[in-house]
$ cat start-v5.tsv   # TSV, C-alpha atoms and all ligand atoms
chain	number	residue	atom	x	y	z
A	186	MET	CA	-118.75	63.29	-145.40
A	187	ASN	CA	-121.97	64.34	-147.04
A	188	SER	CA	-123.36	67.64	-145.97
A	189	ILE	CA	-126.74	67.10	-147.65
A	190	THR	CA	-129.06	64.23	-146.80
A	191	GLY	CA	-132.49	63.92	-148.35
A	192	ARG	CA	-134.95	61.12	-147.81
A	193	PHE	CA	-137.64	58.89	-149.22
A	194	ALA	CA	-140.28	58.20	-146.59
A	195	PRO	CA	-143.01	56.10	-148.21
A	196	SER	CA	-145.94	54.51	-146.39
A	197	PRO	CA	-146.38	50.89	-147.46
A	198	SER	CA	-150.14	51.16	-147.71
A	199	GLY	CA	-150.39	50.98	-151.49
A	200	TYR	CA	-148.52	51.38	-154.75
A	201	MET	CA	-146.83	54.68	-155.49
A	202	HIS	CA	-148.66	57.05	-157.79
A	203	LEU	CA	-147.64	60.04	-159.86
A	204	GLY	CA	-147.89	62.36	-156.84
A	205	ASN	CA	-145.52	60.55	-154.55
A	206	ILE	CA	-143.18	59.54	-157.36
A	207	SER	CA	-142.89	63.26	-158.18
A	208	VAL	CA	-141.88	63.94	-154.59
A	209	ALA	CA	-139.31	61.13	-154.72
A	210	VAL	CA	-137.85	62.42	-157.99
A	211	LEU	CA	-137.52	65.97	-156.65
A	212	ALA	CA	-136.02	64.75	-153.37
A	213	TRP	CA	-133.49	62.63	-155.24
A	214	VAL	CA	-132.40	65.22	-157.81
A	215	SER	CA	-132.22	67.93	-155.13
A	216	ALA	CA	-129.81	65.90	-152.98
A	217	LYS	CA	-127.86	64.41	-155.88
A	218	SER	CA	-127.43	67.75	-157.67
A	219	ARG	CA	-125.29	68.85	-154.72
A	220	GLY	CA	-123.48	65.58	-154.07
A	221	GLY	CA	-125.78	64.58	-151.23
A	222	GLU	CA	-127.19	61.24	-150.20
A	223	ILE	CA	-130.64	59.77	-149.83
A	224	VAL	CA	-131.92	57.69	-146.95
A	225	LEU	CA	-134.92	55.37	-147.36
A	226	ARG	CA	-137.25	55.06	-144.40
A	227	ILE	CA	-140.41	52.96	-144.47
A	228	GLU	CA	-143.18	54.76	-142.60
A	229	ASP	CA	-145.13	51.77	-141.37
A	230	LEU	CA	-146.37	53.31	-138.11
A	231	ASP	CA	-149.88	52.09	-138.73
A	232	PRO	CA	-149.71	48.28	-138.58
A	233	ALA	CA	-153.27	47.87	-139.84
A	234	ARG	CA	-152.57	49.73	-143.07
A	235	SER	CA	-149.01	48.60	-143.78
A	236	ARG	CA	-148.19	45.61	-145.94
A	237	ARG	CA	-144.86	44.05	-146.64
A	238	GLU	CA	-145.67	43.48	-150.31
A	239	TYR	CA	-146.05	47.23	-150.77
A	240	THR	CA	-142.65	47.85	-149.17
A	241	GLU	CA	-141.14	45.46	-151.70
A	242	ALA	CA	-143.06	47.04	-154.57
A	243	ILE	CA	-142.05	50.59	-153.59
A	244	MET	CA	-138.38	49.63	-153.42
A	245	ASP	CA	-138.60	47.92	-156.80
A	246	ASP	CA	-140.34	50.91	-158.39
A	247	LEU	CA	-137.84	53.42	-156.99
A	248	GLN	CA	-134.93	51.36	-158.29
A	249	CYS	CA	-136.56	50.91	-161.66
A	250	LEU	CA	-136.84	54.70	-161.97
A	251	GLY	CA	-133.13	55.08	-161.18
A	252	LEU	CA	-133.88	56.56	-157.75
A	253	ARG	CA	-131.37	54.66	-155.66
A	254	TRP	CA	-131.00	55.35	-151.96
A	255	ASP	CA	-127.63	55.30	-150.23
A	256	ARG	CA	-128.78	53.74	-146.99
A	257	ARG	CA	-131.92	52.37	-145.42
A	258	ALA	CA	-133.02	53.59	-142.01
A	259	GLU	CA	-134.91	51.47	-139.52
A	260	ASP	CA	-138.63	51.09	-140.29
A	261	GLN	CA	-140.88	53.20	-138.08
A	262	SER	CA	-142.61	50.10	-136.67
A	263	ARG	CA	-139.33	49.21	-134.95
A	264	ARG	CA	-138.70	52.61	-133.40
A	265	GLY	CA	-141.22	52.62	-130.52
A	266	GLU	CA	-138.52	52.99	-127.89
A	267	ALA	CA	-137.02	56.07	-129.52
A	268	TYR	CA	-140.46	57.69	-129.73
A	269	ARG	CA	-141.16	56.93	-126.06
A	270	ALA	CA	-137.82	58.46	-125.08
A	271	ALA	CA	-138.75	61.63	-126.97
A	272	LEU	CA	-142.19	61.71	-125.29
A	273	ASP	CA	-140.49	61.70	-121.90
A	274	ARG	CA	-138.82	64.98	-122.79
A	275	LEU	CA	-142.07	66.75	-123.68
A	276	GLN	CA	-144.78	68.26	-121.51
A	277	THR	CA	-147.65	65.91	-122.31
A	278	TYR	CA	-151.01	65.04	-120.77
A	279	PRO	CA	-153.64	62.36	-121.36
A	280	CYS	CA	-156.68	63.35	-123.42
A	281	TYR	CA	-159.92	61.39	-123.08
A	282	CYS	CA	-162.01	63.26	-125.64
A	283	SER	CA	-163.81	61.24	-128.27
A	284	ARG	CA	-163.96	62.29	-131.89
A	285	ASP	CA	-167.59	63.31	-131.47
A	286	GLU	CA	-166.83	65.38	-128.37
A	287	LEU	CA	-164.08	67.17	-130.26
A	288	ARG	CA	-166.36	67.91	-133.17
A	289	ALA	CA	-169.12	69.08	-130.88
A	290	ALA	CA	-166.82	71.38	-128.92
A	291	SER	CA	-167.08	74.86	-130.36
A	292	ALA	CA	-163.46	74.78	-131.44
A	293	PRO	CA	-162.58	76.52	-134.67
A	294	HIS	CA	-161.71	74.28	-137.58
A	295	ALA	CA	-158.70	74.73	-139.78
A	296	SER	CA	-159.31	75.18	-143.49
A	297	ASP	CA	-158.29	71.57	-144.19
A	298	GLY	CA	-160.91	70.18	-141.82
A	299	ARG	CA	-158.50	69.52	-138.98
A	300	VAL	CA	-160.11	69.93	-135.55
A	301	ILE	CA	-158.26	72.45	-133.43
A	302	TYR	CA	-158.02	71.09	-129.92
A	303	PRO	CA	-159.56	73.47	-127.39
A	304	GLY	CA	-157.43	72.17	-124.48
A	305	THR	CA	-160.31	70.40	-122.71
A	306	CYS	CA	-158.16	67.83	-120.87
A	307	ARG	CA	-155.13	70.02	-120.18
A	308	HIS	CA	-156.24	71.00	-116.71
A	309	LEU	CA	-157.94	67.84	-115.47
A	310	THR	CA	-156.92	66.97	-111.92
A	311	GLU	CA	-155.40	63.59	-111.06
A	312	ALA	CA	-158.70	62.63	-109.43
A	313	GLN	CA	-160.64	63.52	-112.59
A	314	ARG	CA	-158.22	61.48	-114.68
A	315	ARG	CA	-158.69	58.46	-112.47
A	316	GLU	CA	-162.44	58.63	-113.01
A	317	ARG	CA	-162.06	58.20	-116.75
A	318	THR	CA	-162.32	54.70	-118.15
A	319	LYS	CA	-161.41	55.46	-121.77
A	320	ILE	CA	-157.80	54.79	-122.79
A	321	PRO	CA	-156.35	58.23	-123.48
A	322	CYS	CA	-154.12	59.52	-126.23
A	323	LEU	CA	-151.30	61.87	-125.25
A	324	ARG	CA	-151.21	65.51	-126.27
A	325	VAL	CA	-148.31	67.92	-126.00
A	326	GLU	CA	-148.70	71.38	-124.49
A	327	VAL	CA	-147.90	73.90	-127.20
A	328	PRO	CA	-146.89	77.49	-126.47
A	329	ASP	CA	-148.99	80.46	-127.52
A	330	ARG	CA	-146.51	81.62	-130.09
A	331	GLU	CA	-146.14	82.18	-133.78
A	332	ILE	CA	-143.79	79.79	-135.56
A	333	THR	CA	-142.04	81.22	-138.60
A	334	PHE	CA	-139.85	79.50	-141.16
A	335	VAL	CA	-138.81	79.84	-144.77
A	336	ASP	CA	-139.87	77.01	-147.06
A	337	GLY	CA	-137.31	76.36	-149.76
A	338	LEU	CA	-139.98	76.45	-152.46
A	339	GLN	CA	-143.02	78.22	-150.99
A	340	GLY	CA	-141.14	81.03	-149.24
A	341	PRO	CA	-141.81	82.56	-145.78
A	342	CYS	CA	-144.52	80.92	-143.67
A	343	ALA	CA	-145.95	81.81	-140.27
A	344	MET	CA	-148.49	80.04	-138.11
A	345	SER	CA	-149.79	80.26	-134.57
A	346	LEU	CA	-149.61	76.83	-132.96
A	347	GLN	CA	-152.38	77.59	-130.48
A	348	ARG	CA	-154.75	78.98	-133.07
A	349	GLU	CA	-154.09	76.54	-135.90
A	350	TRP	CA	-153.43	73.33	-133.99
A	351	GLY	CA	-153.97	73.54	-130.26
A	352	ASP	CA	-152.23	70.89	-128.15
A	353	PHE	CA	-151.71	68.14	-130.70
A	354	ILE	CA	-151.55	64.34	-130.35
A	355	VAL	CA	-148.10	62.83	-129.92
A	356	GLN	CA	-149.21	59.31	-129.01
A	357	ARG	CA	-152.42	57.65	-130.12
A	358	ALA	CA	-154.70	55.81	-127.72
A	359	ASP	CA	-153.42	52.50	-129.11
A	360	GLY	CA	-149.91	53.42	-127.96
A	361	VAL	CA	-148.51	54.14	-131.44
A	362	ALA	CA	-146.54	57.36	-131.81
A	363	ALA	CA	-148.31	60.06	-133.80
A	364	TYR	CA	-146.89	60.88	-137.21
A	365	GLN	CA	-145.82	64.39	-136.14
A	366	LEU	CA	-143.58	63.03	-133.43
A	367	ALA	CA	-142.23	60.02	-135.32
A	368	VAL	CA	-141.23	62.00	-138.39
A	369	VAL	CA	-139.29	64.54	-136.33
A	370	VAL	CA	-137.49	61.95	-134.21
A	371	ASP	CA	-136.62	59.88	-137.28
A	372	ASP	CA	-135.47	62.68	-139.56
A	373	ALA	CA	-133.18	63.91	-136.79
A	374	GLU	CA	-131.89	60.38	-136.09
A	375	ASN	CA	-131.34	59.72	-139.80
A	376	GLY	CA	-129.34	62.94	-140.22
A	377	VAL	CA	-131.81	64.35	-142.75
A	378	THR	CA	-130.96	67.94	-143.72
A	379	GLU	CA	-133.68	68.50	-146.30
A	380	VAL	CA	-137.26	67.25	-146.51
A	381	VAL	CA	-139.06	67.30	-149.84
A	382	ARG	CA	-142.77	66.50	-149.62
A	383	GLY	CA	-146.19	67.48	-150.91
A	384	ARG	CA	-147.72	70.83	-150.08
A	385	ASP	CA	-150.54	69.07	-148.25
A	386	LEU	CA	-148.08	68.70	-145.38
A	387	LEU	CA	-147.15	72.37	-145.23
A	388	SER	CA	-149.69	73.01	-142.45
A	389	SER	CA	-147.99	70.32	-140.30
A	390	THR	CA	-144.60	71.92	-140.61
A	391	PRO	CA	-144.88	74.56	-137.86
A	392	ALA	CA	-145.88	71.84	-135.38
A	393	GLN	CA	-142.86	69.80	-136.42
A	394	ILE	CA	-140.49	72.75	-136.33
A	395	TRP	CA	-141.64	73.48	-132.80
A	396	LEU	CA	-141.10	69.79	-131.85
A	397	TYR	CA	-137.51	69.97	-133.14
A	398	GLU	CA	-137.00	72.97	-130.92
A	399	ALA	CA	-138.66	71.39	-127.88
A	400	LEU	CA	-136.51	68.26	-128.27
A	401	GLY	CA	-133.32	70.24	-128.81
A	402	LEU	CA	-132.90	68.96	-132.38
A	403	LYS	CA	-131.91	70.82	-135.53
A	404	ALA	CA	-134.74	71.15	-138.06
A	405	PRO	CA	-134.05	70.35	-141.71
A	406	VAL	CA	-134.86	72.64	-144.63
A	407	PHE	CA	-138.32	71.96	-146.09
A	408	TYR	CA	-139.42	72.05	-149.71
A	409	HIS	CA	-143.17	71.66	-150.16
A	410	THR	CA	-143.96	70.67	-153.72
A	411	PRO	CA	-147.21	71.47	-155.56
A	412	MET	CA	-150.10	69.04	-155.59
A	413	LEU	CA	-151.24	67.28	-158.75
A	414	LEU	CA	-154.90	67.97	-159.44
A	415	ALA	CA	-157.49	66.75	-161.89
A	416	PRO	CA	-158.84	69.38	-164.33
A	417	ASP	CA	-161.77	70.00	-161.95
A	418	GLY	CA	-159.38	70.81	-159.10
A	419	ARG	CA	-159.91	67.52	-157.28
A	420	ARG	CA	-156.74	66.05	-155.85
A	421	LEU	CA	-155.30	63.10	-157.74
A	422	SER	CA	-154.79	60.14	-155.48
A	423	LYS	CA	-154.18	56.43	-155.44
A	424	ARG	CA	-157.74	56.00	-156.65
A	425	ASP	CA	-156.72	57.37	-160.01
A	426	GLY	CA	-155.61	54.00	-161.25
A	427	ASP	CA	-154.03	55.34	-164.42
A	428	LEU	CA	-151.44	57.16	-162.39
A	429	ASN	CA	-150.52	54.14	-160.37
A	430	ILE	CA	-146.83	53.39	-160.95
A	431	ARG	CA	-147.54	49.81	-161.98
A	432	ALA	CA	-149.90	50.95	-164.74
A	433	MET	CA	-147.44	53.65	-165.80
A	434	ARG	CA	-144.57	51.16	-166.00
A	435	GLU	CA	-146.60	49.08	-168.38
A	436	ARG	CA	-147.14	52.05	-170.66
A	437	TRP	CA	-143.86	53.93	-170.48
A	438	LYS	CA	-140.15	53.40	-170.00
A	439	PRO	CA	-138.71	54.75	-166.71
A	440	GLU	CA	-137.14	57.74	-168.52
A	441	ARG	CA	-140.53	58.66	-169.97
A	442	ILE	CA	-142.04	58.67	-166.48
A	443	ILE	CA	-139.18	60.82	-165.14
A	444	GLY	CA	-139.60	63.08	-168.18
A	445	LEU	CA	-143.31	63.49	-167.47
A	446	ILE	CA	-142.59	64.54	-163.89
A	447	ALA	CA	-139.84	66.94	-164.98
A	448	TRP	CA	-142.18	68.57	-167.50
A	449	LEU	CA	-145.15	68.82	-165.10
A	450	HIS	CA	-142.97	70.49	-162.48
A	451	GLY	CA	-141.44	73.01	-164.86
A	452	LEU	CA	-137.96	71.51	-165.16
A	453	THR	CA	-138.27	70.99	-168.92
A	454	ASP	CA	-140.30	72.76	-171.59
A	455	ARG	CA	-141.80	69.60	-173.00
A	456	TRP	CA	-142.28	65.97	-172.13
A	457	GLU	CA	-138.87	64.57	-172.94
A	458	THR	CA	-137.17	61.28	-172.22
A	459	VAL	CA	-134.72	61.91	-169.42
A	460	SER	CA	-133.07	59.91	-166.64
A	461	ALA	CA	-133.08	60.97	-163.01
A	462	LYS	CA	-129.31	61.30	-163.21
A	463	GLU	CA	-129.50	63.67	-166.19
A	464	LEU	CA	-132.16	65.68	-164.40
A	465	ALA	CA	-129.91	66.11	-161.35
A	466	GLU	CA	-127.27	67.80	-163.51
A	467	GLY	CA	-128.06	71.49	-163.45
A	468	PHE	CA	-131.09	71.05	-161.19
A	469	SER	CA	-132.20	74.17	-159.34
A	470	TRP	CA	-135.21	74.77	-157.10
A	471	ASP	CA	-135.59	78.15	-158.83
A	472	ARG	CA	-137.07	76.33	-161.80
A	473	VAL	CA	-139.57	74.17	-159.92
A	474	ARG	CA	-143.19	75.30	-160.13
A	475	ARG	CA	-144.79	76.43	-156.87
A	476	GLU	CA	-148.44	76.37	-157.88
A	477	ASP	CA	-150.55	73.24	-157.92
A	478	ILE	CA	-150.55	71.38	-161.25
A	479	ARG	CA	-153.73	70.42	-163.09
A	480	ILE	CA	-153.47	67.49	-165.46
A	481	ASN	CA	-155.87	65.55	-167.57
A	482	VAL	CA	-154.83	61.96	-167.04
A	483	ASN	CA	-156.76	60.75	-170.07
A	484	SER	CA	-154.86	63.02	-172.43
A	485	LEU	CA	-151.43	61.70	-171.49
B	501	ZN	ZN	-159.29	65.88	-124.36

$ encode --input "start-v5.tsv" --output "structure tokens"
Amino acid sequence: MNSITGRFAPSPSGYMHLGNISVAVLAWVSAKSRGGEIVLRIEDLDPARSRREYTEAIMDDLQCLGLRWDRRAEDQSRRGEAYRAALDRLQTYPCYCSRDELRAASAPHASDGRVIYPGTCRHLTEAQRRERTKIPCLRVEVPDREITFVDGLQGPCAMSLQREWGDFIVQRADGVAAYQLAVVVDDAENGVTEVVRGRDLLSSTPAQIWLYEALGLKAPVFYHTPMLLAPDGRRLSKRDGDLNIRAMRERWKPERIIGLIAWLHGLTDRWETVSAKELAEGFSWDRVRREDIRINVNSL
């Protein structure tokens, strides 16, 4: 039996780019370096943004890079029942606030622009709820407590759920489970023991760790990897066409792409040609860079 299970959790809303391929490479080598397995889960919660052709493309690209998964979990779009069952075990309430109302409320804003929910609808009476005509989302009551954890790459982290998040959304008004809930329920169901993902998700982690606790589930170990930035500090994204996997595959062999990622993340001293399998041999998180990485796409 495998004691380590990592995962690929792509959203089929576009082609992979250097950023999310980097995360996939690190997730794969981390699990494989210790004899673990990888589960593939398609995160197609948002039906409007998900396309089947991207699912196919992502699977083809991962395989081409030598990043094979050991099993495929159920797609998130098919897991509504499991999310509803989890919701039943949480203390939730309907929230009728509009985006504008939330922005107008004098709630503090987190550094990443997230609106911190001031708890407006928490204490509405049944009669007040019946008066509302808007279809509500569901929020979960969070405790006034600091959540602490140790990130495998970034080190000790602490965050107050009340101050940094407020009661957060667990089900959207359209009935779709919120990402925070779905990812926790699925990682637990899929037996995931380690989550490797971009540092942009670090601020979500305390909310998820608390959800694991509230649902009586064991949280995995998290490794939040640095972001890839343009020389001006802007985040590289799918808009940077040059770093789209399809464009990269036209220019370079898979081992060159893996080598680029290894070099950018500090695993090698220069841009070598290396396979994912070779990279897994002797892999250690001690060598992975923590700080965000600035690259000039045009100079590659
Ligand atoms: Zn509200």

$ closest_residue --input "start-v5.tsv" --among "A:Leu449, A:Leu230, A:Ala290, A:Ala258" --to "A:Arg357" --atoms "all atoms listed in the file"
A:Leu230

$ closest_atom_pairs --input "start-v5.tsv" --of "chain A" --to "ligand ZN 501 (chain B)" --cutoff "12 Å" --atoms "all atoms listed in the file" --output "CSV"
residue,atom,partner,partner_atom,distance
A:Thr277,CA,B:ZN501,ZN,11.8
A:Tyr278,CA,B:ZN501,ZN,9.1
A:Pro279,CA,B:ZN501,ZN,7.3
A:Cys280,CA,B:ZN501,ZN,3.8
A:Tyr281,CA,B:ZN501,ZN,4.7
A:Cys282,CA,B:ZN501,ZN,4.0
A:Ser283,CA,B:ZN501,ZN,7.6
A:Arg284,CA,B:ZN501,ZN,9.6
A:Asp285,CA,B:ZN501,ZN,11.2
A:Glu286,CA,B:ZN501,ZN,8.6
A:Leu287,CA,B:ZN501,ZN,7.7
A:Arg288,CA,B:ZN501,ZN,11.5
A:Ala290,CA,B:ZN501,ZN,10.4
A:Val300,CA,B:ZN501,ZN,11.9
A:Ile301,CA,B:ZN501,ZN,11.2
A:Tyr302,CA,B:ZN501,ZN,7.7
A:Pro303,CA,B:ZN501,ZN,8.2
A:Gly304,CA,B:ZN501,ZN,6.6
A:Thr305,CA,B:ZN501,ZN,4.9
A:Cys306,CA,B:ZN501,ZN,4.2
A:Arg307,CA,B:ZN501,ZN,7.2
A:His308,CA,B:ZN501,ZN,9.7
A:Leu309,CA,B:ZN501,ZN,9.2
A:Arg314,CA,B:ZN501,ZN,10.7
A:Arg317,CA,B:ZN501,ZN,11.2
A:Lys319,CA,B:ZN501,ZN,10.9
A:Ile320,CA,B:ZN501,ZN,11.3
A:Pro321,CA,B:ZN501,ZN,8.2
A:Cys322,CA,B:ZN501,ZN,8.4
A:Leu323,CA,B:ZN501,ZN,9.0
A:Arg324,CA,B:ZN501,ZN,8.3
A:Val325,CA,B:ZN501,ZN,11.3
A:Glu326,CA,B:ZN501,ZN,11.9
A:Gly351,CA,B:ZN501,ZN,11.0
A:Asp352,CA,B:ZN501,ZN,9.5
A:Phe353,CA,B:ZN501,ZN,10.1
A:Ile354,CA,B:ZN501,ZN,9.9
A:Ala358,CA,B:ZN501,ZN,11.6

$ atom_distance --input "start-v5.tsv" --atom1 "atom CA of A:Asp229" --atom2 "atom CA of A:Arg256"
17.4 Å

$ closest_atom_pairs --input "start-v5.tsv" --of "stretch 389-469 of chain A" --to "stretch 192-211 of chain A" --cutoff "12 Å" --atoms "only C-alpha atoms" --output "CSV"
residue,atom,partner,partner_atom,distance
A:Pro405,CA,A:Arg192,CA,11.1
A:Val406,CA,A:Arg192,CA,12.0
A:Phe407,CA,A:Arg192,CA,11.5
A:Tyr408,CA,A:Leu211,CA,9.4
A:His409,CA,A:Val208,CA,9.0
A:Thr410,CA,A:Val208,CA,7.1
A:Pro411,CA,A:Gly204,CA,9.2
A:Met412,CA,A:Gly204,CA,7.1
A:Leu413,CA,A:Gly204,CA,6.3
A:Leu414,CA,A:Gly204,CA,9.3
A:Ala415,CA,A:Gly204,CA,11.7
A:Arg420,CA,A:Gly204,CA,9.6
A:Leu421,CA,A:Gly204,CA,7.5
A:Ser422,CA,A:His202,CA,7.2
A:Lys423,CA,A:His202,CA,6.0
A:Arg424,CA,A:His202,CA,9.2
A:Asp425,CA,A:His202,CA,8.4
A:Gly426,CA,A:His202,CA,8.3
A:Asp427,CA,A:His202,CA,8.7
A:Leu428,CA,A:His202,CA,5.4
A:Asn429,CA,A:His202,CA,4.3
A:Ile430,CA,A:His202,CA,5.2
A:Arg431,CA,A:Tyr200,CA,7.5
A:Ala432,CA,A:His202,CA,9.3
A:Met433,CA,A:Leu203,CA,8.7
A:Arg434,CA,A:His202,CA,10.9
A:Pro439,CA,A:Ile206,CA,11.4
A:Glu440,CA,A:Val210,CA,11.5
A:Ile442,CA,A:Leu203,CA,8.8
A:Ile443,CA,A:Val210,CA,7.4
A:Gly444,CA,A:Val210,CA,10.4
A:Leu445,CA,A:Ser207,CA,9.3
A:Ile446,CA,A:Ser207,CA,5.9
A:Ala447,CA,A:Ser207,CA,8.3
A:Trp448,CA,A:Ser207,CA,10.8
A:Leu449,CA,A:Ser207,CA,9.2
A:His450,CA,A:Ser207,CA,8.4
A:Gly451,CA,A:Leu211,CA,11.5
A:Leu452,CA,A:Leu211,CA,10.2
A:Val459,CA,A:Val210,CA,11.9
A:Ser460,CA,A:Val210,CA,10.2
A:Ala461,CA,A:Val210,CA,7.1
A:Lys462,CA,A:Val210,CA,10.1
A:Glu463,CA,A:Val210,CA,11.8
A:Leu464,CA,A:Val210,CA,9.2
A:Ala465,CA,A:Leu211,CA,8.9
A:Phe468,CA,A:Leu211,CA,9.4
A:Ser469,CA,A:Leu211,CA,10.1

$ closest_residue --input "start-v5.tsv" --among "A:Arg384, A:Arg234, A:Arg299, A:Arg274" --to "A:Ala399" --atoms "all atoms listed in the file"
A:Arg274

$ closest_residue --input "start-v5.tsv" --among "A:Lys438, A:Arg237, A:Arg269, A:Arg479" --to "A:Leu366" --atoms "all atoms listed in the file"
A:Arg269

$ residues_around --input "start-v5.tsv" --residues "A:Tyr364" --least-positions-apart "4" --cutoff "12 Å" --atoms "all atoms listed in the file" --output "list in words"
Ala194, Ser196, Glu228, Asp229, Leu230, Asp231, Gln261, Ser262, Tyr268, Phe353, Ile354, Val355, Gln356, Arg357, Val368, Val369, Val370, Asp371, Asp372, Leu386, Ser389, Thr390, Ala392, Gln393 and Leu396 of chain A

$ closest_residue --input "start-v5.tsv" --among "A:Ile478, A:Val224, A:Ala312, A:Leu387" --to "A:Phe334" --atoms "all atoms listed in the file"
A:Leu387

$ atom_distance --input "start-v5.tsv" --atom1 "atom CA of A:Arg455" --atom2 "atom CA of A:Gly418"
22.4 Å

$ atom_distance --input "start-v5.tsv" --atom1 "atom CA of A:Ala343" --atom2 "atom CA of A:Glu331"
6.5 Å

$ axis_aligned_box --input "start-v5.tsv" --around "stretch 215-218 of chain A" --padding-each-side "3 Å" --output "JSON"
{"center_x": -129.8, "center_y": 66.2, "center_z": -155.3, "size_x": 10.8, "size_y": 9.5, "size_z": 10.7}

$ closest_atom_pairs --input "start-v5.tsv" --of "stretch 214-239 of chain A" --to "stretch 247-254 of chain A" --cutoff "10 Å" --atoms "all atoms listed in the file" --output "tab-separated table"
residue	atom	partner	partner_atom	distance
A:Val214	CA	A:Leu252	CA	8.8
A:Glu222	CA	A:Trp254	CA	7.2
A:Ile223	CA	A:Trp254	CA	4.9
A:Val224	CA	A:Trp254	CA	5.6
A:Leu225	CA	A:Trp254	CA	6.0
A:Arg226	CA	A:Trp254	CA	9.8
